[in-house]
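The structure file entry_34.cif is reproduced below (mmCIF, C-alpha atoms).
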```
data_query
loop_
_atom_site.label_atom_id
_atom_site.label_comp_id
_atom_site.auth_asym_id
_atom_site.auth_seq_id
_atom_site.Cartn_x
_atom_site.Cartn_y
_atom_site.Cartn_z
CA MET A 266 44.22 90.75 -4.71
CA LYS A 267 45.16 89.34 -8.08
CA ASP A 268 42.82 86.93 -9.76
CA ARG A 269 44.04 83.37 -9.71
CA PRO A 270 44.32 81.66 -13.07
CA ASP A 271 41.48 79.25 -13.70
CA TYR A 272 43.43 76.02 -14.04
CA LEU A 273 40.32 73.94 -14.70
CA ALA A 274 39.27 76.14 -17.61
CA HIS A 275 42.79 76.01 -19.05
CA ALA A 276 42.88 72.23 -18.66
CA VAL A 277 39.56 71.85 -20.48
CA LEU A 278 40.75 74.14 -23.29
CA ILE A 279 44.01 72.21 -23.67
CA LEU A 280 42.09 68.92 -23.73
CA GLY A 281 39.79 70.33 -26.43
CA VAL A 282 42.76 71.43 -28.54
CA VAL A 283 44.33 67.98 -28.24
CA LEU A 284 41.08 66.20 -29.18
CA PHE A 285 40.67 68.38 -32.28
CA ALA A 286 44.32 68.54 -33.31
CA LEU A 287 45.29 64.89 -32.79
CA PRO A 288 43.21 63.46 -35.69
CA VAL A 289 44.57 66.16 -38.02
CA TRP A 290 48.12 65.36 -36.92
CA LEU A 291 47.48 61.63 -37.49
CA VAL A 292 46.30 62.35 -41.03
CA PHE A 293 49.33 64.52 -41.71
CA ALA A 294 51.71 61.89 -40.30
CA GLY A 295 49.95 59.14 -42.24
CA SER A 296 50.23 61.07 -45.50
CA THR A 297 54.03 60.70 -45.35
CA GLN A 298 54.04 56.97 -44.62
CA ASP A 299 53.81 53.85 -46.73
CA SER A 300 50.31 52.61 -47.58
CA ASP A 301 51.22 49.07 -46.59
CA ALA A 302 52.25 50.25 -43.12
CA ILE A 303 48.95 52.07 -42.77
CA MET A 304 47.06 48.95 -43.87
CA ARG A 305 48.88 46.91 -41.22
CA GLY A 306 47.97 49.47 -38.57
CA ASP A 307 51.59 50.55 -38.08
CA LEU A 308 50.75 54.24 -38.26
CA SER A 309 53.43 56.30 -36.56
CA LEU A 310 52.80 59.67 -34.91
CA ILE A 311 56.12 60.89 -36.32
CA PRO A 312 55.87 62.02 -39.96
CA HIS A 313 58.50 60.87 -42.45
CA LEU A 314 59.61 64.21 -43.84
CA SER A 315 61.46 62.51 -46.68
CA ASN A 316 58.07 61.53 -48.16
CA LEU A 317 56.58 65.03 -48.32
CA SER A 318 56.83 64.81 -52.11
CA VAL A 319 53.42 63.09 -52.00
CA TYR A 320 51.87 66.55 -51.61
CA LYS A 321 53.43 67.81 -54.84
CA ARG A 322 52.40 64.61 -56.62
CA VAL A 323 48.71 64.78 -55.67
CA LEU A 324 48.54 68.55 -56.06
CA LEU A 325 49.84 68.51 -59.63
CA HIS A 326 48.84 65.07 -60.92
CA GLY A 327 46.19 63.53 -58.64
CA THR A 328 45.94 59.79 -58.18
CA MET A 329 43.73 56.79 -58.94
CA GLY A 330 42.46 58.44 -62.14
CA THR A 331 41.26 61.61 -60.40
CA GLU A 332 41.80 65.21 -61.45
CA PRO A 333 44.83 67.06 -60.01
CA VAL A 334 44.07 68.25 -56.51
CA TRP A 335 44.70 71.90 -57.44
CA HIS A 336 41.86 71.66 -59.96
CA MET A 337 39.46 70.14 -57.43
CA LEU A 338 40.43 72.79 -54.89
CA MET A 339 39.60 75.52 -57.41
CA ILE A 340 36.20 73.96 -58.14
CA SER A 341 35.44 73.69 -54.41
CA PHE A 342 36.64 77.23 -53.74
CA GLY A 343 34.56 78.69 -56.55
CA MET A 344 31.47 76.76 -55.44
CA ALA A 345 31.92 77.72 -51.77
CA MET A 346 32.42 81.41 -52.64
CA ALA A 347 29.36 81.43 -54.93
CA ILE A 348 27.19 79.72 -52.30
CA ALA A 349 28.34 82.01 -49.47
CA CYS A 350 28.00 85.24 -51.47
CA GLY A 351 24.72 84.16 -53.07
CA LYS A 352 23.15 83.21 -49.75
CA ILE A 353 24.20 86.50 -48.15
CA VAL A 354 22.92 88.69 -51.02
CA ILE A 355 19.55 86.91 -51.31
CA SER A 356 19.08 86.74 -47.53
CA ILE A 357 19.87 90.44 -47.06
CA LEU A 358 17.41 91.48 -49.77
CA SER A 359 14.62 89.18 -48.56
CA ALA A 360 15.06 90.19 -44.90
CA TYR A 361 15.23 93.87 -45.91
CA ALA A 362 11.96 93.57 -47.79
CA VAL A 363 10.21 91.80 -44.92
CA VAL A 364 11.36 94.30 -42.27
CA PHE A 365 11.25 97.69 -44.02
CA PHE A 366 8.56 97.35 -46.69
CA ARG A 367 4.83 97.22 -46.09
CA PHE A 368 3.03 94.96 -48.54
CA PRO A 369 0.15 92.46 -48.33
CA PHE A 370 0.92 89.09 -46.75
CA ARG A 371 4.36 90.29 -45.63
CA GLN A 372 4.34 88.08 -42.52
CA VAL A 373 2.97 85.16 -44.52
CA ALA A 374 5.93 85.44 -46.88
CA PHE A 375 8.32 85.44 -43.94
CA TRP A 376 6.71 82.40 -42.32
CA LEU A 377 6.76 80.52 -45.62
CA ILE A 378 10.52 81.17 -45.74
CA PHE A 379 10.85 80.11 -42.11
CA VAL A 380 8.89 76.87 -42.63
CA THR A 381 11.47 75.70 -45.18
CA LEU A 382 13.87 75.22 -42.24
CA MET A 383 11.85 72.13 -41.39
CA LEU A 384 12.51 70.54 -44.78
CA PRO A 385 15.82 68.66 -44.97
CA VAL A 386 17.89 68.93 -48.13
CA GLU A 387 17.17 65.29 -49.03
CA VAL A 388 13.44 66.05 -49.36
CA ARG A 389 14.14 68.71 -52.01
CA ILE A 390 16.79 66.79 -53.96
CA ILE A 391 14.54 65.19 -56.61
CA PRO A 392 12.48 68.30 -57.55
CA THR A 393 15.63 70.44 -57.47
CA TYR A 394 17.41 68.02 -59.79
CA ALA A 395 14.39 68.05 -62.14
CA VAL A 396 14.46 71.87 -62.28
CA MET A 397 18.21 71.91 -62.98
CA ALA A 398 17.71 69.33 -65.74
CA ASP A 399 14.96 71.44 -67.32
CA PHE A 400 17.29 74.45 -67.37
CA GLY A 401 20.13 72.38 -68.84
CA LEU A 402 22.38 72.93 -65.81
CA ILE A 403 23.33 69.31 -65.18
CA ASN A 404 27.10 68.82 -65.45
CA THR A 405 27.75 72.56 -65.32
CA PHE A 406 29.56 74.65 -62.72
CA THR A 407 26.47 76.86 -62.39
CA GLY A 408 24.42 73.82 -61.45
CA LEU A 409 26.74 73.13 -58.53
CA TRP A 410 25.83 76.29 -56.61
CA VAL A 411 22.63 77.91 -57.91
CA PRO A 412 20.19 75.60 -56.03
CA LEU A 413 22.09 76.15 -52.77
CA ILE A 414 22.09 79.96 -52.59
CA ALA A 415 18.73 80.37 -50.85
CA SER A 416 18.96 80.26 -47.06
CA ALA A 417 16.06 80.57 -44.63
CA THR A 418 18.48 80.56 -41.70
CA ALA A 419 20.47 83.54 -42.99
CA THR A 420 17.22 85.38 -43.79
CA LEU A 421 16.03 84.85 -40.23
CA LEU A 422 19.32 86.06 -38.77
CA PHE A 423 19.39 89.20 -40.92
CA ARG A 424 15.77 89.91 -40.04
CA GLN A 425 16.70 89.87 -36.36
CA VAL A 426 19.55 92.31 -37.05
CA PHE A 427 17.37 94.65 -39.12
CA THR A 428 14.55 94.75 -36.57
CA ALA A 429 17.07 96.09 -34.03
CA ILE A 430 17.67 99.22 -36.13
CA PRO A 431 15.88 102.10 -34.32
CA ASP A 432 12.79 103.56 -35.96
CA GLU A 433 14.26 107.02 -35.38
CA LEU A 434 17.11 106.15 -37.73
CA VAL A 435 14.66 105.03 -40.40
CA GLU A 436 12.64 108.24 -40.05
CA ALA A 437 15.78 110.38 -40.17
CA ALA A 438 16.84 108.69 -43.40
CA ARG A 439 13.42 109.36 -44.93
CA ILE A 440 13.54 113.02 -43.93
CA ASP A 441 16.97 113.31 -45.58
CA GLY A 442 15.45 111.96 -48.77
CA ALA A 443 17.20 108.58 -48.71
CA GLY A 444 15.48 106.05 -50.94
CA PRO A 445 15.30 102.31 -50.22
CA LEU A 446 18.54 101.48 -52.04
CA ARG A 447 20.48 104.33 -50.44
CA PHE A 448 19.15 103.41 -46.98
CA LEU A 449 20.21 99.80 -47.58
CA TRP A 450 23.69 100.75 -48.81
CA ASP A 451 24.53 103.60 -46.42
CA ILE A 452 22.90 102.44 -43.18
CA VAL A 453 21.72 98.83 -43.16
CA LEU A 454 24.81 97.19 -44.67
CA PRO A 455 27.37 99.05 -42.48
CA VAL A 456 25.36 98.12 -39.38
CA SER A 457 25.30 94.48 -40.48
CA ARG A 458 28.97 94.26 -41.49
CA ALA A 459 30.08 92.04 -38.59
CA ASN A 460 27.09 89.73 -39.00
CA ILE A 461 27.80 89.43 -42.72
CA ALA A 462 31.40 88.44 -41.99
CA ALA A 463 30.34 85.82 -39.43
CA LEU A 464 27.78 84.35 -41.81
CA PHE A 465 30.27 84.34 -44.66
CA VAL A 466 32.63 82.11 -42.66
CA ILE A 467 29.85 79.69 -41.72
CA LEU A 468 28.41 79.57 -45.24
CA PHE A 469 31.81 79.18 -46.90
CA VAL A 470 32.55 76.11 -44.78
CA TYR A 471 29.03 74.83 -45.54
CA GLY A 472 29.61 75.20 -49.28
CA TRP A 473 33.10 73.71 -49.07
CA ASN A 474 31.81 70.54 -47.38
CA GLN A 475 28.98 69.87 -49.83
CA TYR A 476 28.90 66.25 -50.96
CA LEU A 477 25.42 64.97 -51.86
CA TRP A 478 24.40 67.66 -54.35
CA PRO A 479 27.70 67.78 -56.31
CA LEU A 480 27.66 63.98 -56.41
CA LEU A 481 24.23 64.01 -58.11
CA VAL A 482 24.43 67.03 -60.39
CA ALA A 483 27.98 66.66 -61.78
CA THR A 484 29.03 63.33 -63.27
CA ASN A 485 31.73 65.05 -65.32
CA GLN A 486 35.10 64.36 -63.68
CA GLY A 487 36.25 67.87 -64.50
CA LEU A 488 33.65 69.22 -62.03
CA ASP A 489 34.71 67.06 -59.09
CA THR A 490 35.00 68.97 -55.83
CA ILE A 491 37.74 68.09 -53.36
CA VAL A 492 35.28 66.15 -51.18
CA ILE A 493 34.14 64.06 -54.16
CA GLY A 494 37.77 63.59 -55.20
CA ILE A 495 38.75 62.16 -51.82
CA VAL A 496 35.90 59.65 -52.00
CA LYS A 497 36.91 58.61 -55.51
CA MET A 498 40.50 58.06 -54.38
CA ILE A 499 39.29 55.38 -51.97
CA GLY A 500 38.81 52.39 -54.25
CA GLU A 501 39.40 48.79 -53.29
CA GLU A 502 40.92 48.71 -49.81
CA THR A 503 44.03 46.84 -50.95
CA GLN A 504 44.57 49.19 -53.92
CA THR A 505 44.03 52.53 -52.19
CA ASP A 506 47.01 54.86 -51.96
CA TRP A 507 46.28 55.93 -48.41
CA GLY A 508 49.23 58.31 -48.31
CA ALA A 509 47.78 60.24 -51.26
CA VAL A 510 44.29 60.17 -49.74
CA MET A 511 45.55 61.59 -46.46
CA ALA A 512 47.67 64.21 -48.22
CA THR A 513 44.61 65.31 -50.19
CA ALA A 514 42.59 65.47 -46.96
CA VAL A 515 45.23 67.74 -45.41
CA LEU A 516 45.21 70.00 -48.48
CA ALA A 517 41.40 70.11 -48.34
CA LEU A 518 41.62 71.56 -44.83
CA VAL A 519 43.80 74.50 -45.83
CA PRO A 520 41.31 76.88 -47.58
CA PRO A 521 38.53 76.77 -44.93
CA VAL A 522 41.09 77.08 -42.13
CA LEU A 523 42.61 80.13 -43.86
CA VAL A 524 39.17 81.72 -44.22
CA VAL A 525 38.43 81.19 -40.52
CA VAL A 526 41.82 82.49 -39.41
CA LEU A 527 41.80 85.55 -41.68
CA MET A 528 38.25 86.50 -40.70
CA GLN A 529 38.45 85.46 -37.05
CA ARG A 530 38.09 88.99 -35.66
CA TRP A 531 34.98 89.77 -37.70
CA PHE A 532 33.58 86.29 -37.08
CA VAL A 533 33.78 86.72 -33.28
CA ALA A 534 32.42 90.26 -33.52
CA GLY A 535 29.46 89.06 -35.58
CA LEU A 536 28.62 86.33 -33.08
CA THR A 537 28.91 88.61 -30.04
CA GLU A 538 26.95 91.42 -31.65
CA GLY A 539 24.24 88.96 -32.58
CA GLU A 540 23.82 88.15 -28.88
CA LYS A 541 23.25 91.77 -27.85
#
```
For this file, produce the structure as structure tokens.
Amino acid sequence: MKDRPDYLAHAVLILGVVLFALPVWLVFAGSTQDSDAIMRGDLSLIPHLSNLSVYKRVLLHGTMGTEPVWHMLMISFGMAMAIACGKIVISILSAYAVVFFRFPFRQVAFWLIFVTLMLPVEVRIIPTYAVMADFGLINTFTGLWVPLIASATATLLFRQVFTAIPDELVEAARIDGAGPLRFLWDIVLPVSRANIAALFVILFVYGWNQYLWPLLVATNQGLDTIVIGIVKMIGEETQTDWGAVMATAVLALVPPVLVVVLMQRWFVAGLTEGEK
């Protein structure tokens, strides 16, 4: 007997797609319409394709005194990549040390890392800003991402992956004469490849959506991220070019969506392997 299709599950999935896609479609449609019509609430669900030139305008020239959108996208992309890669590298090394090395207060070090999960970012903003100021990293690209590359969550996740590696494999590597770096490179990293990919997607989106820290550390307009740029485009309500704002919002969605789509297979594999 053939399995019947689960119509309820399909209906729920379709409803979820509509709920997520409809706001994005509204923003895209609004980006091609007149700002006055948007202000009056006459937003149509049908985009005016003749007004797609707004995308070229904001991409190359910006609006309301902001940087060109391509420049803000590059700043956001560089910051997101640096945060994602930095978090992964530091978390792998710290988790590797906690799991495979024997040194005094090893568990204390791990729990100190774990306790930082209870501290929200806002609590650490002032001391972090003071440290960046002391190092002269205010209004620099380095200052945008360096304070955000430590991750207790990623360290915890990698620790769980590393503890699942059989002791027999560790002993076999020692017998073969593999040192710590070779064991990390040849065995630990290949085993963790799917988890690294899944974390990269999550951390890239996290870095891309950063708002509070870039707002505080970079007052130079040339370091505006795309999120900061969208906020700056919204001036006085009657003077805001809502078409340009919505076009910029659509363009801001493209890089993280591409990352998720291109790495979807590894992302799903990393999540499912983490559950085993």
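Nearest residue to Met397 in chain A among A:Pro412, A:Pro521, A:Pro369, A:Gly508 is A:Pro412, counting all atoms listed in the file.
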What does the PyMOL selection byres ((chain A and resi 426-439) around 10) select in this file, as JSON, numbers by chain? {"A": [357, 360, 361, 363, 364, 365, 420, 421, 422, 423, 424, 425, 440, 441, 442, 443, 444, 445, 447, 448, 451, 452, 453, 454, 456, 457, 460, 538, 539, 541]}
Expansion of the PyMOL selection byres ((chain A and resi 475-483) around 7) into residues, as a PyMOL selection string: chain A and resi 403-405+408-409+471-474+484-485+488+492-493
Can you turn the PyMOL selection byres ((chain A and resi 311) around 9) into a concrete residue list for this file, as a PyMOL selection string? chain A and resi 291+294-295+308-310+312-314
Convert the current residue selection to file output with C-alpha atoms, as a compact mmCIF listing (two decimals), in the coordinates of the input.
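Output (again-v1.txt):
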```txt
# COMPACT_ATOMS: atom_id res chain seq x y z
CA LEU A 291 47.48 61.63 -37.49
CA ALA A 294 51.71 61.89 -40.30
CA GLY A 295 49.95 59.14 -42.24
CA LEU A 308 50.75 54.24 -38.26
CA SER A 309 53.43 56.30 -36.56
CA LEU A 310 52.80 59.67 -34.91
CA PRO A 312 55.87 62.02 -39.96
CA HIS A 313 58.50 60.87 -42.45
CA LEU A 314 59.61 64.21 -43.84
```
How far is it from CA of Ser296 in chain A to CA of Ala345 in chain A, in Å with one decimal? 25.5 Å
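Using all atoms listed in the file, the shortest contact distance between Val466 in chain A and any of A:Leu377, A:Val533, A:Ile414, A:Val323 is found at A:Val533.
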Work out how far CA of Ile340 in chain A is from CA of Thr490 in chain A, in Å to one decimal. 5.6 Å
CA of Ile378 in chain A to CA of Met528 in chain A, straight-line distance in Å: 28.7 Å
From the options A:Ala286, A:Gln298, A:Ser359, A:Glu332, which residue's atoms come nearest to Ser318 in chain A, counting all atoms listed in the file? A:Gln298
Can you pull out the residues contacting Gly494 in chain A? Cut-off 10 Å, using only C-alpha atoms, and skip same-chain residues under 5 positions away; I want them as a list in words. Gly327, Thr328, Met329, Gly330, Thr331, Glu332, Pro333, Val334, Met337, Leu338, Gln486, Leu488, Asp489, Ile499, Val510, Thr513 and Ala514 of chain A
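When only C-alpha atoms are used to measure the gap to Leu516 in chain A, the shortest distance among A:Arg458, A:Ile491, A:Pro392, A:Val283 belongs to A:Ile491.
Remark: for Gln504 in chain A, the closest of the candidate residues A:Leu284, A:Asp301, A:Val380, A:Val470 is A:Asp301 (distances computed over all atoms listed in the file).
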Just want the 9 Å neighbourhood of Cys350 in chain A, counted on all atoms listed in the file, with same-chain residues fewer than 4 positions away dropped. Output as a PyMOL selection string. chain A and resi 345-346+354-355+414+465+468-469
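When all atoms listed in the file are used to compute distances to Val386 in chain A, the closest of the residues A:Ser416, A:Gln372, A:Ser315, A:Thr407 turns out to be A:Ser416.
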Please output range 468-499 of chain A, rebuilt to include N, CA and C atoms, as a tab-separated table (two decimals), keeping the file's coordinate frame.
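Output (result30.tsv):
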```tsv
chain	number	residue	atom	x	y	z
A	468	LEU	N	28.94	80.02	-43.96
A	468	LEU	CA	28.41	79.57	-45.24
A	468	LEU	C	29.50	79.09	-46.18
A	469	PHE	N	30.70	79.67	-46.08
A	469	PHE	CA	31.81	79.18	-46.90
A	469	PHE	C	32.16	77.75	-46.52
A	470	VAL	N	32.25	77.48	-45.24
A	470	VAL	CA	32.55	76.11	-44.78
A	470	VAL	C	31.42	75.17	-45.19
A	471	TYR	N	30.17	75.64	-45.10
A	471	TYR	CA	29.03	74.83	-45.54
A	471	TYR	C	29.16	74.47	-47.01
A	472	GLY	N	29.46	75.46	-47.85
A	472	GLY	CA	29.61	75.20	-49.28
A	472	GLY	C	30.80	74.32	-49.58
A	473	TRP	N	31.89	74.50	-48.85
A	473	TRP	CA	33.10	73.71	-49.07
A	473	TRP	C	32.86	72.23	-48.79
A	474	ASN	N	32.03	71.92	-47.80
A	474	ASN	CA	31.81	70.54	-47.38
A	474	ASN	C	30.68	69.84	-48.11
A	475	GLN	N	30.08	70.49	-49.12
A	475	GLN	CA	28.98	69.87	-49.83
A	475	GLN	C	29.41	68.57	-50.50
A	476	TYR	N	28.59	67.55	-50.36
A	476	TYR	CA	28.90	66.25	-50.96
A	476	TYR	C	27.73	65.70	-51.79
A	477	LEU	N	26.54	65.65	-51.20
A	477	LEU	CA	25.42	64.97	-51.86
A	477	LEU	C	25.03	65.65	-53.16
A	478	TRP	N	24.85	66.98	-53.13
A	478	TRP	CA	24.40	67.66	-54.35
A	478	TRP	C	25.44	67.60	-55.47
A	479	PRO	N	26.71	67.92	-55.23
A	479	PRO	CA	27.70	67.78	-56.31
A	479	PRO	C	27.81	66.36	-56.84
A	480	LEU	N	27.60	65.38	-55.97
A	480	LEU	CA	27.66	63.98	-56.41
A	480	LEU	C	26.55	63.68	-57.41
A	481	LEU	N	25.37	64.29	-57.24
A	481	LEU	CA	24.23	64.01	-58.11
A	481	LEU	C	24.25	64.84	-59.39
A	482	VAL	N	24.62	66.11	-59.27
A	482	VAL	CA	24.43	67.03	-60.39
A	482	VAL	C	25.61	67.04	-61.36
A	483	ALA	N	26.78	66.58	-60.92
A	483	ALA	CA	27.98	66.66	-61.78
A	483	ALA	C	28.64	65.30	-61.89
A	484	THR	N	28.37	64.61	-63.01
A	484	THR	CA	29.03	63.33	-63.27
A	484	THR	C	30.30	63.52	-64.08
A	485	ASN	N	30.52	64.73	-64.58
A	485	ASN	CA	31.73	65.05	-65.32
A	485	ASN	C	32.90	65.15	-64.35
A	486	GLN	N	33.95	64.38	-64.59
A	486	GLN	CA	35.10	64.36	-63.68
A	486	GLN	C	35.75	65.72	-63.54
A	487	GLY	N	35.66	66.55	-64.56
A	487	GLY	CA	36.25	67.87	-64.50
A	487	GLY	C	35.56	68.80	-63.52
A	488	LEU	N	34.38	68.41	-63.01
A	488	LEU	CA	33.65	69.22	-62.03
A	488	LEU	C	33.71	68.63	-60.63
A	489	ASP	N	34.59	67.67	-60.42
A	489	ASP	CA	34.71	67.06	-59.09
A	489	ASP	C	35.20	68.07	-58.07
A	490	THR	N	34.51	68.17	-56.95
A	490	THR	CA	35.00	68.97	-55.83
A	490	THR	C	36.03	68.15	-55.06
A	491	ILE	N	36.69	68.79	-54.11
A	491	ILE	CA	37.74	68.09	-53.36
A	491	ILE	C	37.14	66.98	-52.50
A	492	VAL	N	35.93	67.19	-52.00
A	492	VAL	CA	35.28	66.15	-51.18
A	492	VAL	C	34.97	64.93	-52.04
A	493	ILE	N	34.43	65.17	-53.23
A	493	ILE	CA	34.14	64.06	-54.16
A	493	ILE	C	35.43	63.38	-54.57
A	494	GLY	N	36.49	64.17	-54.80
A	494	GLY	CA	37.77	63.59	-55.20
A	494	GLY	C	38.34	62.66	-54.15
A	495	ILE	N	38.23	63.02	-52.88
A	495	ILE	CA	38.75	62.16	-51.82
A	495	ILE	C	38.00	60.84	-51.80
A	496	VAL	N	36.69	60.89	-51.98
A	496	VAL	CA	35.90	59.65	-52.00
A	496	VAL	C	36.30	58.78	-53.17
A	497	LYS	N	36.53	59.39	-54.34
A	497	LYS	CA	36.91	58.61	-55.51
A	497	LYS	C	38.29	57.98	-55.37
A	498	MET	N	39.17	58.62	-54.59
A	498	MET	CA	40.50	58.06	-54.38
A	498	MET	C	40.47	56.77	-53.57
A	499	ILE	N	39.40	56.58	-52.81
A	499	ILE	CA	39.29	55.38	-51.97
A	499	ILE	C	38.60	54.31	-52.79
```
